[in-house]
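Colleague: This is the structure I have questions about; it appears just below.
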Amino acid sequence: MEERTLGWVLPKIIEQKKGISVGALLKQKQRSSGGLIEGVHWKKAMGRVWFHYEKYNEIIENAA
């Protein structure tokens with residue numbers, strides 16, 4: 001069975017699936033020590049901030 005990837009999603013999707021609030025995501029993005037790299041873990045497109053679901057998931061898994 002092939003695993004479905006989500007790719008670039010809005011913060012609301014991560015909030016729904018992971019329980020991490022939109023505010024917490026945006027704060028983590030702003031912190032230089034947050035481990036999030038622009039273009040890899042997050043990007044700004046169409047006037048909105050997007051997060052790469054699988055890449056962000058790697059950060060969470062490696063932090064635990």
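Going through the structure tokens in order, the chains are called A, B, and so on, while each chain numbers its residues from 1 and the ligands are numbered from 1 in the order shown.
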List as a ChimeraX atom specification the protein and nucleic acid residues near Val22 of chain A, meaning an atom at most 12 Å away when only C-alpha atoms are counted, but skip any in the same chain fewer than 2 places from it.
Modeller: /A:9-20,24-29,49-51
Colleague: Would you write out those residues with N, CA and C atoms, as an mmCIF file, in the first residue's frame?
Modeller:
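And here's selection_20.cif as it stands now:
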data_model
loop_
_atom_site.group_PDB
_atom_site.id
_atom_site.type_symbol
_atom_site.label_atom_id
_atom_site.label_comp_id
_atom_site.auth_asym_id
_atom_site.auth_seq_id
_atom_site.Cartn_x
_atom_site.Cartn_y
_atom_site.Cartn_z
ATOM 1 N N VAL A 9 1.267 22.380 2.850
ATOM 2 C CA VAL A 9 -0.074 22.572 3.402
ATOM 3 C C VAL A 9 -0.113 23.861 4.215
ATOM 4 N N LEU A 10 -1.310 24.350 4.428
ATOM 5 C CA LEU A 10 -1.496 25.502 5.294
ATOM 6 C C LEU A 10 -1.358 25.069 6.753
ATOM 7 N N PRO A 11 -0.979 25.999 7.633
ATOM 8 C CA PRO A 11 -0.801 25.646 9.051
ATOM 9 C C PRO A 11 -2.021 24.977 9.678
ATOM 10 N N LYS A 12 -3.205 25.314 9.214
ATOM 11 C CA LYS A 12 -4.435 24.733 9.767
ATOM 12 C C LYS A 12 -4.449 23.208 9.615
ATOM 13 N N ILE A 13 -3.884 22.693 8.540
ATOM 14 C CA ILE A 13 -3.844 21.236 8.314
ATOM 15 C C ILE A 13 -2.941 20.579 9.353
ATOM 16 N N ILE A 14 -1.790 21.182 9.628
ATOM 17 C CA ILE A 14 -0.893 20.624 10.649
ATOM 18 C C ILE A 14 -1.567 20.688 12.012
ATOM 19 N N GLU A 15 -2.281 21.774 12.263
ATOM 20 C CA GLU A 15 -3.015 21.887 13.527
ATOM 21 C C GLU A 15 -4.036 20.760 13.659
ATOM 22 N N GLN A 16 -4.767 20.487 12.595
ATOM 23 C CA GLN A 16 -5.791 19.437 12.629
ATOM 24 C C GLN A 16 -5.191 18.044 12.786
ATOM 25 N N LYS A 17 -4.079 17.776 12.111
ATOM 26 C CA LYS A 17 -3.512 16.428 12.102
ATOM 27 C C LYS A 17 -2.530 16.173 13.243
ATOM 28 N N LYS A 18 -1.819 17.217 13.695
ATOM 29 C CA LYS A 18 -0.780 17.042 14.710
ATOM 30 C C LYS A 18 -1.133 17.669 16.053
ATOM 31 N N GLY A 19 -2.130 18.569 16.065
ATOM 32 C CA GLY A 19 -2.519 19.227 17.305
ATOM 33 C C GLY A 19 -1.605 20.383 17.693
ATOM 34 N N ILE A 20 -0.790 20.860 16.766
ATOM 35 C CA ILE A 20 0.109 21.989 17.026
ATOM 36 C C ILE A 20 -0.592 23.242 16.506
ATOM 37 N N ALA A 24 1.653 28.532 17.397
ATOM 38 C CA ALA A 24 2.910 27.868 17.769
ATOM 39 C C ALA A 24 3.768 27.605 16.529
ATOM 40 N N LEU A 25 3.145 27.225 15.435
ATOM 41 C CA LEU A 25 3.880 26.994 14.189
ATOM 42 C C LEU A 25 4.547 28.277 13.705
ATOM 43 N N LEU A 26 3.793 29.358 13.709
ATOM 44 C CA LEU A 26 4.330 30.625 13.219
ATOM 45 C C LEU A 26 5.442 31.152 14.128
ATOM 46 N N LYS A 27 5.309 30.944 15.434
ATOM 47 C CA LYS A 27 6.382 31.342 16.359
ATOM 48 C C LYS A 27 7.638 30.518 16.111
ATOM 49 N N GLN A 28 7.468 29.224 15.894
ATOM 50 C CA GLN A 28 8.616 28.364 15.634
ATOM 51 C C GLN A 28 9.317 28.783 14.348
ATOM 52 N N LYS A 29 8.546 29.196 13.356
ATOM 53 C CA LYS A 29 9.107 29.659 12.088
ATOM 54 C C LYS A 29 9.957 30.910 12.301
ATOM 55 N N VAL A 49 1.574 31.657 4.415
ATOM 56 C CA VAL A 49 2.681 30.805 4.846
ATOM 57 C C VAL A 49 2.233 29.352 4.723
ATOM 58 N N TRP A 50 3.081 28.546 4.098
ATOM 59 C CA TRP A 50 2.827 27.119 3.884
ATOM 60 C C TRP A 50 3.925 26.314 4.586
ATOM 61 N N PHE A 51 3.585 25.154 5.093
ATOM 62 C CA PHE A 51 4.552 24.259 5.707
ATOM 63 C C PHE A 51 4.577 22.950 4.928
#
Colleague: From the DSSP assignment of the backbone, select every residue of chain A that is helix (DSSP H, G or I), and format the answer as a ChimeraX atom specification.
Modeller: /A:11-18,22-30,32-34,53-63
Colleague: Residues near segment 59-64 of chain A, anyone? I mean within 10 Å using only C-alpha atoms, not counting same-chain ones fewer than 5 positions away, as a list in words.
Modeller: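 These residues fall inside the cut-off: Lys18, Gly34, Gly35, Leu36, His41 and Glu54 of chain A.
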Colleague: Find the distance between atom CA of His52 of chain A and atom CA of Gln30 of chain A and write it in Å to one decimal.
Modeller: 15.8 Å
Colleague: At what distance in Å, to one decimal, does atom CA of Val40 of chain A lie from atom CA of Lys55 of chain A?
Modeller: 7.1 Å
Colleague: Enter the distance from atom CA of Gly47 of chain A to atom CA of Arg4 of chain A, in Å, rounded to one decimal.
Modeller: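 Computed distance, atom CA of Gly47 of chain A to atom CA of Arg4 of chain A, equals 26.5 Å.
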Colleague: Would you give me, as a PyMOL selection string, the residues in chain A that DSSP reads as strand (DSSP E or B)?
Modeller: chain A and resi 8-9+38+42-45+48-52
Colleague: Please write the residues from the selection above to a file, keeping N, CA and C atoms, as a PDB file, in the first residue's frame.
Modeller:
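Dumped everything to out.pdb:
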ATOM      1  N   TRP A   8       3.080  20.495   0.610  1.00  0.00           N
ATOM      2  CA  TRP A   8       2.896  21.851   1.137  1.00  0.00           C
ATOM      3  C   TRP A   8       1.452  22.045   1.562  1.00  0.00           C
ATOM      4  N   VAL A   9       1.267  22.380   2.850  1.00  0.00           N
ATOM      5  CA  VAL A   9      -0.074  22.572   3.402  1.00  0.00           C
ATOM      6  C   VAL A   9      -0.113  23.861   4.215  1.00  0.00           C
ATOM      7  N   GLU A  38      13.615  28.063   5.667  1.00  0.00           N
ATOM      8  CA  GLU A  38      12.750  28.580   4.601  1.00  0.00           C
ATOM      9  C   GLU A  38      13.062  27.857   3.295  1.00  0.00           C
ATOM     10  N   TRP A  42       9.220  25.543   5.402  1.00  0.00           N
ATOM     11  CA  TRP A  42       8.146  26.512   5.210  1.00  0.00           C
ATOM     12  C   TRP A  42       8.475  27.428   4.039  1.00  0.00           C
ATOM     13  N   LYS A  43       7.423  28.027   3.492  1.00  0.00           N
ATOM     14  CA  LYS A  43       7.601  29.003   2.419  1.00  0.00           C
ATOM     15  C   LYS A  43       6.412  29.955   2.440  1.00  0.00           C
ATOM     16  N   LYS A  44       6.603  31.095   1.807  1.00  0.00           N
ATOM     17  CA  LYS A  44       5.510  32.041   1.660  1.00  0.00           C
ATOM     18  C   LYS A  44       5.155  32.089   0.185  1.00  0.00           C
ATOM     19  N   ALA A  45       3.904  31.798  -0.111  1.00  0.00           N
ATOM     20  CA  ALA A  45       3.422  31.795  -1.493  1.00  0.00           C
ATOM     21  C   ALA A  45       1.968  32.249  -1.498  1.00  0.00           C
ATOM     22  N   ARG A  48       0.482  33.723   1.663  1.00  0.00           N
ATOM     23  CA  ARG A  48       0.234  32.877   2.841  1.00  0.00           C
ATOM     24  C   ARG A  48       1.485  32.080   3.173  1.00  0.00           C
ATOM     25  N   VAL A  49       1.574  31.657   4.415  1.00  0.00           N
ATOM     26  CA  VAL A  49       2.681  30.805   4.846  1.00  0.00           C
ATOM     27  C   VAL A  49       2.233  29.352   4.723  1.00  0.00           C
ATOM     28  N   TRP A  50       3.081  28.546   4.098  1.00  0.00           N
ATOM     29  CA  TRP A  50       2.827  27.119   3.884  1.00  0.00           C
ATOM     30  C   TRP A  50       3.925  26.314   4.586  1.00  0.00           C
ATOM     31  N   PHE A  51       3.585  25.154   5.093  1.00  0.00           N
ATOM     32  CA  PHE A  51       4.552  24.259   5.707  1.00  0.00           C
ATOM     33  C   PHE A  51       4.577  22.950   4.928  1.00  0.00           C
ATOM     34  N   HIS A  52       5.766  22.383   4.797  1.00  0.00           N
ATOM     35  CA  HIS A  52       5.873  21.081   4.142  1.00  0.00           C
ATOM     36  C   HIS A  52       5.602  20.020   5.199  1.00  0.00           C
TER      37      HIS A  52
END
